[in-house]
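J.: To start, I am sharing the structure in question, which I have written as structure tokens.
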Amino acid sequence: MITIRKANKDDARKLKEVSDKAFLSDYVKYGERPGYGQTIEKICTTMVEPKRDVFAFLCDDEIVGKISIVKENREKNYLGCLCIIPEYENRGIGQKAIRYIEN
């Protein structure tokens, strides 16, 4: 079962692992990737930005993905990052996350 909840600083280490696993192949292929190699401090800073919300995706209480939303105003938001570790791709998690955010 997949659940989505707002991420907190206690999740930072696991969110780093998720980002690194999700973007590793791009990093290897292109030599860089903004989501790969972020520090835990940077992740914590991002989570407390006033115009950003970060959500964690959990499968059986294990964080397997994340999504961040940048709030422009009441009518307009932007997708900052959506990533899922490769072992959990193609299970509809990203679609569920987008629907959750849209609602």
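Ligands are numbered from 1 in the order shown, chains are lettered A, B, ... in the order of the structure tokens, and residues start at 1 in each chain.
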Env of stretch 10-16 of chain A: 12 Å cut, atoms = only C-alpha atoms, seq-sep filter 5 positions within chain, self excluded. Answer as number ranges by chain.

T.: A: 5, 21-24, 35-48, 54-58, 61-68, 81-85

J.: Residues as selected, N, CA and C atoms, written as an mmCIF file, in the first residue's frame, can you do that?

T.:
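Output file part21.cif is given in full below:
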```
data_model
loop_
_atom_site.group_PDB
_atom_site.id
_atom_site.type_symbol
_atom_site.label_atom_id
_atom_site.label_comp_id
_atom_site.auth_asym_id
_atom_site.auth_seq_id
_atom_site.Cartn_x
_atom_site.Cartn_y
_atom_site.Cartn_z
ATOM 1 N N ARG A 5 2.752 11.482 2.637
ATOM 2 C CA ARG A 5 2.658 12.400 3.767
ATOM 3 C C ARG A 5 3.707 13.490 3.610
ATOM 4 N N LYS A 21 19.505 7.231 -5.420
ATOM 5 C CA LYS A 21 19.160 6.019 -6.175
ATOM 6 C C LYS A 21 18.380 6.359 -7.438
ATOM 7 N N ALA A 22 17.450 7.286 -7.327
ATOM 8 C CA ALA A 22 16.595 7.631 -8.470
ATOM 9 C C ALA A 22 17.381 8.295 -9.592
ATOM 10 N N PHE A 23 18.386 9.096 -9.255
ATOM 11 C CA PHE A 23 19.104 9.865 -10.261
ATOM 12 C C PHE A 23 20.494 9.325 -10.571
ATOM 13 N N LEU A 24 20.867 8.183 -9.994
ATOM 14 C CA LEU A 24 22.200 7.623 -10.223
ATOM 15 C C LEU A 24 22.469 7.357 -11.702
ATOM 16 N N GLY A 35 19.471 16.473 -8.757
ATOM 17 C CA GLY A 35 18.908 15.727 -7.639
ATOM 18 C C GLY A 35 19.865 14.734 -7.014
ATOM 19 N N TYR A 36 21.006 14.511 -7.653
ATOM 20 C CA TYR A 36 21.961 13.512 -7.162
ATOM 21 C C TYR A 36 23.026 14.192 -6.302
ATOM 22 N N GLY A 37 23.338 13.602 -5.155
ATOM 23 C CA GLY A 37 24.431 14.079 -4.334
ATOM 24 C C GLY A 37 24.124 15.281 -3.458
ATOM 25 N N GLN A 38 22.867 15.597 -3.277
ATOM 26 C CA GLN A 38 22.525 16.702 -2.383
ATOM 27 C C GLN A 38 22.929 16.338 -0.953
ATOM 28 N N THR A 39 23.302 17.333 -0.194
ATOM 29 C CA THR A 39 23.626 17.084 1.207
ATOM 30 C C THR A 39 22.333 17.004 2.023
ATOM 31 N N ILE A 40 22.426 16.381 3.164
ATOM 32 C CA ILE A 40 21.281 16.310 4.074
ATOM 33 C C ILE A 40 20.895 17.716 4.519
ATOM 34 N N GLU A 41 21.891 18.566 4.725
ATOM 35 C CA GLU A 41 21.614 19.956 5.117
ATOM 36 C C GLU A 41 20.800 20.682 4.051
ATOM 37 N N LYS A 42 21.167 20.491 2.773
ATOM 38 C CA LYS A 42 20.430 21.124 1.667
ATOM 39 C C LYS A 42 18.991 20.613 1.623
ATOM 40 N N ILE A 43 18.813 19.334 1.833
ATOM 41 C CA ILE A 43 17.466 18.758 1.832
ATOM 42 C C ILE A 43 16.642 19.360 2.972
ATOM 43 N N CYS A 44 17.237 19.478 4.148
ATOM 44 C CA CYS A 44 16.527 20.078 5.289
ATOM 45 C C CYS A 44 16.171 21.531 5.012
ATOM 46 N N THR A 45 17.087 22.275 4.414
ATOM 47 C CA THR A 45 16.825 23.671 4.067
ATOM 48 C C THR A 45 15.668 23.774 3.083
ATOM 49 N N THR A 46 15.656 22.902 2.099
ATOM 50 C CA THR A 46 14.583 22.901 1.102
ATOM 51 C C THR A 46 13.230 22.642 1.755
ATOM 52 N N MET A 47 13.199 21.744 2.728
ATOM 53 C CA MET A 47 11.927 21.384 3.368
ATOM 54 C C MET A 47 11.300 22.522 4.152
ATOM 55 N N VAL A 48 12.107 23.477 4.595
ATOM 56 C CA VAL A 48 11.549 24.560 5.406
ATOM 57 C C VAL A 48 11.371 25.869 4.627
ATOM 58 N N VAL A 54 7.391 19.496 0.600
ATOM 59 C CA VAL A 54 8.022 18.246 0.202
ATOM 60 C C VAL A 54 7.214 17.113 0.822
ATOM 61 N N PHE A 55 6.841 16.149 -0.015
ATOM 62 C CA PHE A 55 6.061 15.002 0.428
ATOM 63 C C PHE A 55 6.847 13.726 0.189
ATOM 64 N N ALA A 56 6.694 12.772 1.086
ATOM 65 C CA ALA A 56 7.343 11.467 0.973
ATOM 66 C C ALA A 56 6.304 10.431 0.563
ATOM 67 N N PHE A 57 6.720 9.499 -0.296
ATOM 68 C CA PHE A 57 5.873 8.354 -0.671
ATOM 69 C C PHE A 57 6.377 7.172 0.132
ATOM 70 N N LEU A 58 5.461 6.476 0.755
ATOM 71 C CA LEU A 58 5.837 5.324 1.563
ATOM 72 C C LEU A 58 5.149 4.063 1.048
ATOM 73 N N ASP A 61 5.473 1.526 5.023
ATOM 74 C CA ASP A 61 6.174 2.393 5.977
ATOM 75 C C ASP A 61 7.630 2.693 5.617
ATOM 76 N N GLU A 62 8.063 2.384 4.408
ATOM 77 C CA GLU A 62 9.417 2.675 3.937
ATOM 78 C C GLU A 62 9.340 3.781 2.885
ATOM 79 N N ILE A 63 10.141 4.838 3.029
ATOM 80 C CA ILE A 63 10.134 5.919 2.043
ATOM 81 C C ILE A 63 10.758 5.420 0.750
ATOM 82 N N VAL A 64 9.992 5.526 -0.347
ATOM 83 C CA VAL A 64 10.463 5.041 -1.649
ATOM 84 C C VAL A 64 10.462 6.140 -2.709
ATOM 85 N N GLY A 65 9.994 7.335 -2.360
ATOM 86 C CA GLY A 65 9.970 8.424 -3.327
ATOM 87 C C GLY A 65 9.625 9.734 -2.661
ATOM 88 N N LYS A 66 9.707 10.792 -3.467
ATOM 89 C CA LYS A 66 9.360 12.122 -2.946
ATOM 90 C C LYS A 66 8.883 13.011 -4.079
ATOM 91 N N ILE A 67 8.187 14.059 -3.687
ATOM 92 C CA ILE A 67 7.763 15.087 -4.624
ATOM 93 C C ILE A 67 7.863 16.422 -3.896
ATOM 94 N N SER A 68 8.332 17.435 -4.606
ATOM 95 C CA SER A 68 8.357 18.770 -4.011
ATOM 96 C C SER A 68 7.572 19.717 -4.914
ATOM 97 N N CYS A 81 10.426 18.579 -7.923
ATOM 98 C CA CYS A 81 11.108 17.303 -8.115
ATOM 99 C C CYS A 81 10.114 16.177 -7.848
ATOM 100 N N LEU A 82 10.191 15.168 -8.648
ATOM 101 C CA LEU A 82 9.428 13.938 -8.432
ATOM 102 C C LEU A 82 10.402 12.804 -8.694
ATOM 103 N N CYS A 83 10.645 11.972 -7.699
ATOM 104 C CA CYS A 83 11.538 10.840 -7.918
ATOM 105 C C CYS A 83 11.090 9.641 -7.095
ATOM 106 N N ILE A 84 11.377 8.494 -7.656
ATOM 107 C CA ILE A 84 11.019 7.213 -7.048
ATOM 108 C C ILE A 84 12.219 6.288 -7.247
ATOM 109 N N ILE A 85 12.575 5.526 -6.221
ATOM 110 C CA ILE A 85 13.708 4.619 -6.404
ATOM 111 C C ILE A 85 13.337 3.573 -7.460
#
```

J.: Applying 10 Å and only C-alpha atoms, which residues near A:Ile98 remain after dropping the ones on its own chain fewer than 3 positions away? List them as a PDB file with N, CA, C and O atoms, in the first residue's frame.

T.:
```
ATOM      1  N   ILE A  67       8.187  14.059  -3.687  1.00  0.00           N
ATOM      2  CA  ILE A  67       7.763  15.087  -4.624  1.00  0.00           C
ATOM      3  C   ILE A  67       7.863  16.422  -3.896  1.00  0.00           C
ATOM      4  O   ILE A  67       7.570  16.499  -2.696  1.00  0.00           O
ATOM      5  N   LEU A  79       6.006  21.921 -10.113  1.00  0.00           N
ATOM      6  CA  LEU A  79       6.636  20.682  -9.688  1.00  0.00           C
ATOM      7  C   LEU A  79       8.133  20.932  -9.566  1.00  0.00           C
ATOM      8  O   LEU A  79       8.783  21.322 -10.534  1.00  0.00           O
ATOM      9  N   LEU A  82      10.191  15.168  -8.648  1.00  0.00           N
ATOM     10  CA  LEU A  82       9.428  13.938  -8.432  1.00  0.00           C
ATOM     11  C   LEU A  82      10.402  12.804  -8.694  1.00  0.00           C
ATOM     12  O   LEU A  82      10.964  12.715  -9.783  1.00  0.00           O
ATOM     13  N   ILE A  93       2.967   4.935  -8.588  1.00  0.00           N
ATOM     14  CA  ILE A  93       3.233   5.815  -7.448  1.00  0.00           C
ATOM     15  C   ILE A  93       3.282   7.272  -7.888  1.00  0.00           C
ATOM     16  O   ILE A  93       2.704   8.143  -7.239  1.00  0.00           O
ATOM     17  N   GLY A  94       3.959   7.553  -8.989  1.00  0.00           N
ATOM     18  CA  GLY A  94       4.040   8.920  -9.493  1.00  0.00           C
ATOM     19  C   GLY A  94       2.678   9.476  -9.860  1.00  0.00           C
ATOM     20  O   GLY A  94       2.358  10.629  -9.552  1.00  0.00           O
ATOM     21  N   GLN A  95       1.853   8.655 -10.488  1.00  0.00           N
ATOM     22  CA  GLN A  95       0.490   9.087 -10.840  1.00  0.00           C
ATOM     23  C   GLN A  95      -0.315   9.397  -9.588  1.00  0.00           C
ATOM     24  O   GLN A  95      -1.031  10.403  -9.534  1.00  0.00           O
ATOM     25  N   ILE A 101      -1.355  15.792  -5.172  1.00  0.00           N
ATOM     26  CA  ILE A 101      -0.965  17.191  -5.207  1.00  0.00           C
ATOM     27  C   ILE A 101      -2.046  18.043  -5.880  1.00  0.00           C
ATOM     28  O   ILE A 101      -2.364  19.143  -5.433  1.00  0.00           O
ATOM     29  N   GLU A 102      -2.624  17.535  -6.954  1.00  0.00           N
ATOM     30  CA  GLU A 102      -3.673  18.286  -7.648  1.00  0.00           C
ATOM     31  C   GLU A 102      -4.891  18.519  -6.750  1.00  0.00           C
ATOM     32  O   GLU A 102      -5.529  19.559  -6.824  1.00  0.00           O
ATOM     33  N   ASN A 103      -5.188  17.547  -5.915  1.00  0.00           N
ATOM     34  CA  ASN A 103      -6.342  17.690  -5.016  1.00  0.00           C
ATOM     35  C   ASN A 103      -6.006  18.609  -3.869  1.00  0.00           C
ATOM     36  O   ASN A 103      -6.819  19.253  -3.305  1.00  0.00           O
TER      37      ASN A 103
END
```

J.: Check stretch 22-97 of chain A with DSSP on the backbone and list each residue it calls helix (DSSP H, G or I), as a PyMOL selection string.

T.: chain A and resi 22-30+40-47+86-88+93-97

J.: Could you work out how far atom CA of A:Lys6 lies from atom CA of A:Ser25, giving the answer in Å with one decimal?

T.: 26.7 Å

J.: Measuring atom to atom with only C-alpha atoms, identify which of A:Arg99, A:Tyr27, A:Pro50, A:Glu17 is nearest to A:Ile4.

T.: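 Comparing A:Arg99, A:Tyr27, A:Pro50, A:Glu17 against A:Ile4, the winner is A:Arg99.
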